[in-house]
Structure formats: C-alpha cells, structure tokens
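Trainee: Structure file upload22.pdb (PDB, C-alpha atoms) is given on the next line.
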MODEL        1
ATOM      1  CA  GLY A   1       1.196  -0.006  -6.139
ATOM      2  CA  ALA A   2       2.702   2.287  -8.762
ATOM      3  CA  GLY A   3       5.014  -0.305 -10.332
ATOM      4  CA  SER A   4       6.757   0.847 -13.498
ATOM      5  CA  PHE A   5       4.373   3.788 -13.859
ATOM      6  CA  ALA A   6       5.842   5.951 -11.091
ATOM      7  CA  HIS A   7       8.853   4.319  -9.444
ATOM      8  CA  GLN A   8      11.079   5.114 -12.446
ATOM      9  CA  SER A   9      10.319   8.837 -12.368
ATOM     10  CA  ALA A  10      10.396   8.818  -8.551
ATOM     11  CA  LYS A  11      13.952   7.486  -8.611
ATOM     12  CA  LYS A  12      14.988   9.921 -11.343
ATOM     13  CA  TYR A  13      13.832  12.997  -9.402
ATOM     14  CA  GLY A  14      14.385  11.755  -5.827
ATOM     15  CA  THR A  15      10.847  12.806  -4.952
ATOM     16  CA  LYS A  16      10.580  10.629  -1.826
ATOM     17  CA  ASP A  17      13.377  12.633  -0.187
ATOM     18  CA  GLY A  18      11.901  16.005  -1.136
ATOM     19  CA  PHE A  19      13.155  18.841  -3.303
ATOM     20  CA  THR A  20      15.098  22.089  -3.041
ATOM     21  CA  ASP A  21      14.871  23.502  -6.563
ATOM     22  CA  ASN A  22      12.576  23.862  -9.560
ATOM     23  CA  THR A  23      13.746  20.559 -11.087
ATOM     24  CA  GLY A  24      12.612  18.754  -7.953
ATOM     25  CA  ARG A  25       9.289  20.594  -7.932
ATOM     26  CA  TYR A  26       8.749  19.614 -11.548
ATOM     27  CA  GLY A  27       9.747  16.046 -10.720
ATOM     28  CA  ALA A  28       7.167  15.817  -7.920
ATOM     29  CA  SER A  29       4.441  16.785 -10.385
ATOM     30  CA  VAL A  30       5.681  14.214 -12.919
ATOM     31  CA  VAL A  31       5.643  11.401 -10.337
ATOM     32  CA  GLN A  32       2.201  12.411  -9.086
ATOM     33  CA  HIS A  33       0.907  12.416 -12.663
ATOM     34  CA  ASP A  34       2.420   8.995 -13.374
ATOM     35  CA  ALA A  35       0.769   7.468 -10.290
ATOM     36  CA  ALA A  36      -2.575   9.066 -11.175
ATOM     37  CA  ARG A  37      -2.432   7.691 -14.739
ATOM     38  CA  LEU A  38      -2.211   4.136 -13.439
ATOM     39  CA  ASN A  39      -5.034   4.796 -10.995
ATOM     40  CA  ARG A  40      -7.317   5.955 -13.810
ATOM     41  CA  ILE A  41      -6.636   2.674 -15.663
ATOM     42  CA  ILE A  42      -7.625   0.717 -12.547
ATOM     43  CA  ILE A  43     -10.757   2.828 -12.074
ATOM     44  CA  GLU A  44     -11.772   2.282 -15.698
ATOM     45  CA  GLU A  45     -11.385  -1.499 -15.330
ATOM     46  CA  CYS A  46     -13.479  -1.472 -12.137
ATOM     47  CA  ILE A  47     -16.223   0.593 -13.765
ATOM     48  CA  GLN A  48     -16.322  -1.729 -16.767
ATOM     49  CA  ALA A  49     -16.749  -4.600 -14.288
ATOM     50  CA  GLY A  50     -19.800  -2.832 -12.839
ATOM     51  CA  LEU A  51     -18.190  -1.821  -9.526
ATOM     52  CA  PRO A  52     -19.113   1.493  -7.820
ATOM     53  CA  VAL A  53     -15.544   2.742  -7.382
ATOM     54  CA  ILE A  54     -14.298   6.293  -6.773
ATOM     55  CA  SER A  55     -10.658   7.381  -6.785
ATOM     56  CA  PHE A  56      -9.341   9.088  -3.655
ATOM     57  CA  GLN A  57      -6.047  10.820  -4.417
ATOM     58  CA  PRO A  58      -3.958  10.508  -1.209
ATOM     59  CA  SER A  59      -2.141  13.812  -1.772
ATOM     60  CA  ALA A  60      -5.533  15.520  -1.382
ATOM     61  CA  TRP A  61      -6.298  14.051   2.070
ATOM     62  CA  MET A  62      -2.881  13.347   3.625
ATOM     63  CA  THR A  63       0.150  15.467   4.497
ATOM     64  CA  ALA A  64       3.584  14.619   5.861
ATOM     65  CA  GLN A  65       6.300  16.045   8.046
ATOM     66  CA  ALA A  66       9.899  14.923   7.473
ATOM     67  CA  GLY A  67       8.714  11.846   5.588
ATOM     68  CA  GLU A  68       6.179  10.734   8.191
ATOM     69  CA  PRO A  69       2.372  11.125   8.065
ATOM     70  CA  SER A  70       1.287  14.264   9.937
ATOM     71  CA  SER A  71      -2.413  14.615   9.114
ATOM     72  CA  ILE A  72      -5.195  12.617   7.492
ATOM     73  CA  ASN A  73      -8.713  13.730   6.555
ATOM     74  CA  LEU A  74     -10.757  10.554   6.579
ATOM     75  CA  SER A  75     -14.235  12.055   6.178
ATOM     76  CA  PRO A  76     -14.585  11.663   2.361
ATOM     77  CA  ILE A  77     -13.550   8.002   2.530
ATOM     78  CA  VAL A  78     -15.852   7.315   5.484
ATOM     79  CA  SER A  79     -18.728   8.917   3.581
ATOM     80  CA  ALA A  80     -18.023   6.722   0.547
ATOM     81  CA  LEU A  81     -17.968   3.559   2.668
ATOM     82  CA  GLN A  82     -21.201   4.519   4.405
ATOM     83  CA  ASN A  83     -22.796   4.887   0.973
ATOM     84  CA  ASN A  84     -21.477   1.508  -0.234
ATOM     85  CA  ILE A  85     -19.007   3.101  -2.646
ATOM     86  CA  ILE A  86     -15.585   1.470  -2.957
ATOM     87  CA  PRO A  87     -12.755   3.963  -2.275
ATOM     88  CA  CYS A  88      -9.705   3.371  -4.470
ATOM     89  CA  VAL A  89      -6.462   4.800  -3.049
ATOM     90  CA  TYR A  90      -2.921   4.379  -4.352
ATOM     91  CA  GLY A  91       0.728   5.169  -3.702
ATOM     92  CA  ASP A  92       1.202   8.885  -4.220
ATOM     93  CA  VAL A  93       3.381  11.975  -3.870
ATOM     94  CA  ILE A  94       2.538  13.622  -0.549
ATOM     95  CA  MET A  95       3.225  17.252   0.323
ATOM     96  CA  ASP A  96       5.746  17.455   3.152
ATOM     97  CA  GLU A  97       5.929  20.454   5.493
ATOM     98  CA  VAL A  98       9.672  20.018   6.031
ATOM     99  CA  GLN A  99      11.182  18.712   2.777
ATOM    100  CA  GLY A 100       8.587  19.715   0.196
ATOM    101  CA  SER A 101       7.487  16.238  -0.833
ATOM    102  CA  THR A 102       7.698  12.560  -0.008
ATOM    103  CA  ILE A 103       6.146   9.376  -1.349
ATOM    104  CA  PHE A 104       3.836   7.104   0.587
ATOM    105  CA  SER A 105       3.583   3.589  -0.764
ATOM    106  CA  THR A 106       0.174   1.956  -0.985
ATOM    107  CA  ASP A 107       1.234  -0.169   2.003
ATOM    108  CA  THR A 108       1.977   2.934   4.101
ATOM    109  CA  ILE A 109      -1.309   4.517   3.093
ATOM    110  CA  PHE A 110      -3.204   1.324   3.963
ATOM    111  CA  THR A 111      -1.510   1.182   7.371
ATOM    112  CA  TRP A 112      -2.558   4.700   8.285
ATOM    113  CA  LEU A 113      -5.979   4.337   6.683
ATOM    114  CA  ILE A 114      -6.666   1.176   8.695
ATOM    115  CA  LYS A 115      -5.496   2.826  11.915
ATOM    116  CA  ALA A 116      -7.832   5.750  11.245
ATOM    117  CA  LEU A 117     -10.776   3.493  10.337
ATOM    118  CA  GLU A 118     -10.243   1.329  13.432
ATOM    119  CA  ALA A 119     -10.595   4.500  15.522
ATOM    120  CA  GLN A 120     -14.060   5.103  14.033
ATOM    121  CA  PRO A 121     -16.973   3.636  16.023
ATOM    122  CA  ASP A 122     -18.696   2.079  12.989
ATOM    123  CA  PHE A 123     -15.737   0.356  11.319
ATOM    124  CA  GLU A 124     -13.690  -2.744  11.984
ATOM    125  CA  VAL A 125     -11.038  -3.943   9.557
ATOM    126  CA  GLU A 126     -10.908  -7.733   9.308
ATOM    127  CA  LYS A 127      -7.868  -8.306   7.088
ATOM    128  CA  LEU A 128      -5.638  -6.797   4.440
ATOM    129  CA  LEU A 129      -4.937  -8.518   1.126
ATOM    130  CA  ASN A 130      -1.746  -7.803  -0.785
ATOM    131  CA  VAL A 131      -2.187  -9.294  -4.242
ATOM    132  CA  GLY A 132       0.779  -9.454  -6.595
ATOM    133  CA  HIS A 133       2.533 -11.615  -9.172
ATOM    134  CA  TYR A 134       4.592 -13.279  -6.424
ATOM    135  CA  ASP A 135       3.579 -16.323  -4.365
ATOM    136  CA  GLY A 136       4.237 -14.680  -1.010
ATOM    137  CA  VAL A 137       7.286 -13.881   1.100
ATOM    138  CA  LEU A 138      10.081 -16.221  -0.006
ATOM    139  CA  ASP A 139      13.078 -17.597   1.858
ATOM    140  CA  ASP A 140      16.561 -17.943   0.350
ATOM    141  CA  ASN A 141      15.526 -21.197  -1.343
ATOM    142  CA  GLY A 142      12.520 -19.619  -3.029
ATOM    143  CA  GLN A 143      10.054 -21.341  -0.711
ATOM    144  CA  VAL A 144       7.020 -19.488   0.619
ATOM    145  CA  ILE A 145       7.198 -18.498   4.294
ATOM    146  CA  GLU A 146       3.676 -19.356   5.399
ATOM    147  CA  ASN A 147       3.427 -17.257   8.566
ATOM    148  CA  ILE A 148       5.249 -14.206   9.905
ATOM    149  CA  THR A 149       4.741 -12.785  13.385
ATOM    150  CA  SER A 150       6.605 -10.359  15.615
ATOM    151  CA  THR A 151       8.123 -13.427  17.294
ATOM    152  CA  ASN A 152       9.784 -14.948  14.228
ATOM    153  CA  PHE A 153      10.336 -11.757  12.214
ATOM    154  CA  GLU A 154      13.949 -11.187  13.258
ATOM    155  CA  GLU A 155      14.872 -14.665  12.009
ATOM    156  CA  ILE A 156      12.913 -14.202   8.779
ATOM    157  CA  LYS A 157      14.155 -10.652   8.199
ATOM    158  CA  LYS A 158      17.492 -11.900   6.852
ATOM    159  CA  HIS A 159      15.636 -13.381   3.863
ATOM    160  CA  LEU A 160      13.994 -10.071   2.953
ATOM    161  CA  SER A 161      15.247  -7.195   0.862
ATOM    162  CA  GLY A 162      14.059  -4.480  -1.440
ATOM    163  CA  SER A 163      12.438  -5.210  -4.777
ATOM    164  CA  ALA A 164      14.381  -6.678  -7.685
ATOM    165  CA  HIS A 165      12.753  -3.937  -9.768
ATOM    166  CA  THR A 166      12.964  -0.167  -9.331
ATOM    167  CA  ASP A 167      11.143   0.539  -6.066
ATOM    168  CA  VAL A 168      11.737   3.683  -4.016
ATOM    169  CA  THR A 169       9.520   2.559  -1.130
ATOM    170  CA  GLY A 170      11.446  -0.412   0.227
ATOM    171  CA  GLY A 171      10.105  -3.529  -1.489
ATOM    172  CA  MET A 172       9.090  -6.662   0.430
ATOM    173  CA  LEU A 173      10.944  -5.806   3.646
ATOM    174  CA  ALA A 174       9.110  -2.505   4.036
ATOM    175  CA  LYS A 175       5.833  -4.230   3.155
ATOM    176  CA  VAL A 176       6.229  -6.842   5.908
ATOM    177  CA  GLU A 177       7.236  -4.196   8.462
ATOM    178  CA  GLU A 178       4.136  -2.134   7.620
ATOM    179  CA  PHE A 179       1.872  -5.179   7.940
ATOM    180  CA  LEU A 180       3.400  -6.219  11.268
ATOM    181  CA  GLU A 181       2.300  -2.834  12.622
ATOM    182  CA  LEU A 182      -1.280  -3.768  11.768
ATOM    183  CA  THR A 183      -1.131  -6.938  13.848
ATOM    184  CA  LYS A 184      -1.107  -4.667  16.921
ATOM    185  CA  LEU A 185      -4.657  -3.714  15.902
ATOM    186  CA  GLY A 186      -5.661  -7.348  15.425
ATOM    187  CA  VAL A 187      -5.536  -7.060  11.621
ATOM    188  CA  SER A 188      -3.928  -9.951   9.726
ATOM    189  CA  SER A 189      -2.415  -9.430   6.275
ATOM    190  CA  TYR A 190      -2.062 -11.865   3.399
ATOM    191  CA  ILE A 191       0.585 -11.659   0.661
ATOM    192  CA  PHE A 192      -0.201 -13.968  -2.245
ATOM    193  CA  ASN A 193      -0.272 -14.476  -6.006
ATOM    194  CA  GLY A 194      -3.363 -13.015  -7.669
ATOM    195  CA  GLU A 195      -2.533 -14.751 -10.941
ATOM    196  CA  THR A 196      -3.213 -18.164  -9.363
ATOM    197  CA  SER A 197      -6.805 -19.150 -10.053
ATOM    198  CA  GLY A 198      -9.017 -19.152  -6.962
ATOM    199  CA  ASN A 199      -6.533 -17.391  -4.668
ATOM    200  CA  ILE A 200      -8.379 -14.091  -4.271
ATOM    201  CA  GLU A 201     -11.732 -15.769  -3.663
ATOM    202  CA  GLY A 202     -10.095 -18.228  -1.280
ATOM    203  CA  VAL A 203      -8.472 -15.544   0.889
ATOM    204  CA  LEU A 204     -11.670 -13.482   0.955
ATOM    205  CA  GLN A 205     -13.604 -16.541   2.136
ATOM    206  CA  SER A 206     -10.876 -17.603   4.601
ATOM    207  CA  LYS A 207     -10.191 -20.843   2.744
ATOM    208  CA  ALA A 208      -6.745 -22.437   2.658
ATOM    209  CA  THR A 209      -4.564 -20.891  -0.057
ATOM    210  CA  THR A 210      -0.863 -20.627  -0.749
ATOM    211  CA  GLY A 211       0.860 -17.435   0.358
ATOM    212  CA  THR A 212       2.135 -15.663   3.465
ATOM    213  CA  GLN A 213      -0.010 -14.661   6.421
ATOM    214  CA  ILE A 214       1.247 -11.912   8.736
ATOM    215  CA  SER A 215      -0.532 -12.154  12.050
ATOM    216  CA  ALA A 216      -0.226 -11.602  15.784
ATOM    217  CA  ALA A 217       2.054 -14.005  17.635
TER     218      ALA A 217
ENDMDL
END
Using structure tokens, write down the structure that the file contains.
Mentor:
Amino acid sequence: GAGSFAHQSAKKYGTKDGFTDNTGRYGASVVQHDAARLNRIIIEECIQAGLPVISFQPSAWMTAQAGEPSSINLSPIVSALQNNIIPCVYGDVIMDEVQGSTIFSTDTIFTWLIKALEAQPDFEVEKLLNVGHYDGVLDDNGQVIENITSTNFEEIKKHLSGSAHTDVTGGMLAKVEEFLELTKLGVSSYIFNGETSGNIEGVLQSKATTGTQISAA
C-alpha cells in the first residue's frame, strides 16, 4: 500500500476520479512517481535480504474504464513466477479510457491478479496475507473480529469505515469487500499485525495467530 507516500498527493490532485486539465495530468504523474518511490524502497530491502524480487508497475500491465479494470496483461508476471522470481506489485495510477486516470489500491490489484492467476492452468492461489500495523478488523470496542464471511458481513459492516489516515481507496471497508470477492474463488484472506513477532511465519504455516480471517461461509 502507498501509505503517506502517495495518498496525500492523490487526494490533492483527485487522481482517482480522473482529470480534465493539465493540472490533473501533472497530478497523475506526481502520484505515480510517489507510489513508485516507495516501491523502489521495498525492492531495495528485498534485494538486501537476498530475495529474487522484480518490480511490476501495474500501470504498465493494467488499464481501466470508468474506474473499473478493463484489461490485464498477465504474461510478464506468469513468466516471473515460472522462473521462481517474486513479482512485487503495488497500488498505482492506472490509465483510464473514460476519465483519464484512476487509482487501483494494492487490494484491488491483488483481487484481479488472483482472479487472473486462478484462470491459468498451472496456478492455484492458497491464501492472501494483508500485513499491517493493525491487529485485524476491529469492532466498536477495539476487539479483533476473528472471522468474516458473506453471511455475517452485513452485521459486521457497521463497524467498518475508511482509514483514520488519508486514504483515497476506501480503507478497511473497501479492503474487506475486496477480500470477500476472493472467497468466491476459494481464497481466504488474513488481516493481521506484522509487527507482532511470529505472526507472519504463523499465518504462512497455518498456525493459530491473532487477526481476522475472511473466508467462505
């Protein structure tokens, strides 16, 4: 996710909703640059850790129409996976055929990427991990909601809102809605705190950890 690197400029220029003048065009390039800067930091950290990671800029392989994904070229990412290279994607400015530009959050990109990978004969996505500085999806009392499904979502939805920080892509509510879409493909998602020791390893190894699981009913 772009965090403070790109959401501030995205809000300033209204890039998610497109542009009609040169200021908006300039703004789209600023937001795209801000998101790419953060991605390069992540890539550098991965390389220093000895991981074979390559950045895949979403605006180079996705397009949109009226704010919705219209095309996706998966072949470079598939090739990377087949060669045991880790593709690193990120929330990005996407060219839009109707309004000039939009912004796809990392969650939106993951949703469409997983759908496209699931359609490939050689790939099956097991689960999606959303790692943040939050303990999971919280209710009004600050307690973690352990499981969300399509059955209990309407009741839980009243606890959810956008981010407390600047976030042009919908915050936790949008995140949960994206991940519920993936349950239709049999893909469970986990929202948990990556700053808690052992959490990432635990989720990867399907051990009990604190956080929220979003799964099929």
Trainee: Would you mind telling me which residue in A:Val131, A:Ile86, A:Val78, A:Met95 lies nearest to A:Thr15 when using only C-alpha atoms?
Mentor: A:Met95
Trainee: In terms of the shortest atom-to-atom distance over all atoms listed in the file, which of A:Leu128, A:Ala119, A:Val93, A:Ile41 is closest to A:His7?
Mentor: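 Using all atoms listed in the file, the shortest distance to A:His7 belongs to A:Val93.
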Trainee: Could you expand the PyMOL selection byres ((chain A and resi 96) around 8) into the explicit residues it covers here, written as an mmCIF file with C-alpha atoms, keeping the file's coordinate frame?
Mentor:
data_model
loop_
_atom_site.group_PDB
_atom_site.id
_atom_site.type_symbol
_atom_site.label_atom_id
_atom_site.label_comp_id
_atom_site.auth_asym_id
_atom_site.auth_seq_id
_atom_site.Cartn_x
_atom_site.Cartn_y
_atom_site.Cartn_z
ATOM 1 C CA GLY A 18 11.901 16.005 -1.136
ATOM 2 C CA THR A 63 0.150 15.467 4.497
ATOM 3 C CA ALA A 64 3.584 14.619 5.861
ATOM 4 C CA GLN A 65 6.300 16.045 8.046
ATOM 5 C CA ALA A 66 9.899 14.923 7.473
ATOM 6 C CA GLY A 67 8.714 11.846 5.588
ATOM 7 C CA ILE A 94 2.538 13.622 -0.549
ATOM 8 C CA MET A 95 3.225 17.252 0.323
ATOM 9 C CA GLU A 97 5.929 20.454 5.493
ATOM 10 C CA VAL A 98 9.672 20.018 6.031
ATOM 11 C CA GLN A 99 11.182 18.712 2.777
ATOM 12 C CA GLY A 100 8.587 19.715 0.196
ATOM 13 C CA SER A 101 7.487 16.238 -0.833
ATOM 14 C CA THR A 102 7.698 12.560 -0.008
#
Trainee: Take the PyMOL selection byres ((chain A and resi 38) around 12), apply it to the structure above, and return the hits as a tab-separated table (two decimals) with C-alpha atoms, in the frame of the given file.
Mentor:
chain	number	residue	atom	x	y	z
A	1	GLY	CA	1.20	-0.01	-6.14
A	2	ALA	CA	2.70	2.29	-8.76
A	3	GLY	CA	5.01	-0.30	-10.33
A	4	SER	CA	6.76	0.85	-13.50
A	5	PHE	CA	4.37	3.79	-13.86
A	6	ALA	CA	5.84	5.95	-11.09
A	7	HIS	CA	8.85	4.32	-9.44
A	31	VAL	CA	5.64	11.40	-10.34
A	32	GLN	CA	2.20	12.41	-9.09
A	33	HIS	CA	0.91	12.42	-12.66
A	34	ASP	CA	2.42	8.99	-13.37
A	35	ALA	CA	0.77	7.47	-10.29
A	36	ALA	CA	-2.58	9.07	-11.18
A	37	ARG	CA	-2.43	7.69	-14.74
A	39	ASN	CA	-5.03	4.80	-11.00
A	40	ARG	CA	-7.32	5.96	-13.81
A	41	ILE	CA	-6.64	2.67	-15.66
A	42	ILE	CA	-7.62	0.72	-12.55
A	43	ILE	CA	-10.76	2.83	-12.07
A	44	GLU	CA	-11.77	2.28	-15.70
A	45	GLU	CA	-11.38	-1.50	-15.33
A	55	SER	CA	-10.66	7.38	-6.78
A	57	GLN	CA	-6.05	10.82	-4.42
A	88	CYS	CA	-9.70	3.37	-4.47
A	89	VAL	CA	-6.46	4.80	-3.05
A	90	TYR	CA	-2.92	4.38	-4.35
A	91	GLY	CA	0.73	5.17	-3.70
A	92	ASP	CA	1.20	8.88	-4.22
Trainee: Translate the PyMOL selection byres ((chain A and resi 113) around 12), as applied to the file shown, into an explicit residue set as a ChimeraX atom specification.
Mentor: /A:56,58,61-62,69,71-75,77-78,87-90,104,106-112,114-120,123-125,128,182
Trainee: By how many Å are atom CA of A:Gln213 and atom CA of A:Ile85 apart?
Mentor: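 Value for the atom CA of A:Gln213-atom CA of A:Ile85 distance: 27.5 Å.
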Trainee: Give me, please, the distance in Å between atom CA of A:Thr212 and atom CA of A:Val144, quoted to one decimal.
Mentor: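 Atom-to-atom, atom CA of A:Thr212 and atom CA of A:Val144 are spaced 6.8 Å apart.
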Trainee: With all atoms listed in the file as the basis for distance, which of A:Val137, A:Asn199, A:Ser188, A:Thr151 is at the shortest distance from A:Leu173?
Mentor: A:Val137
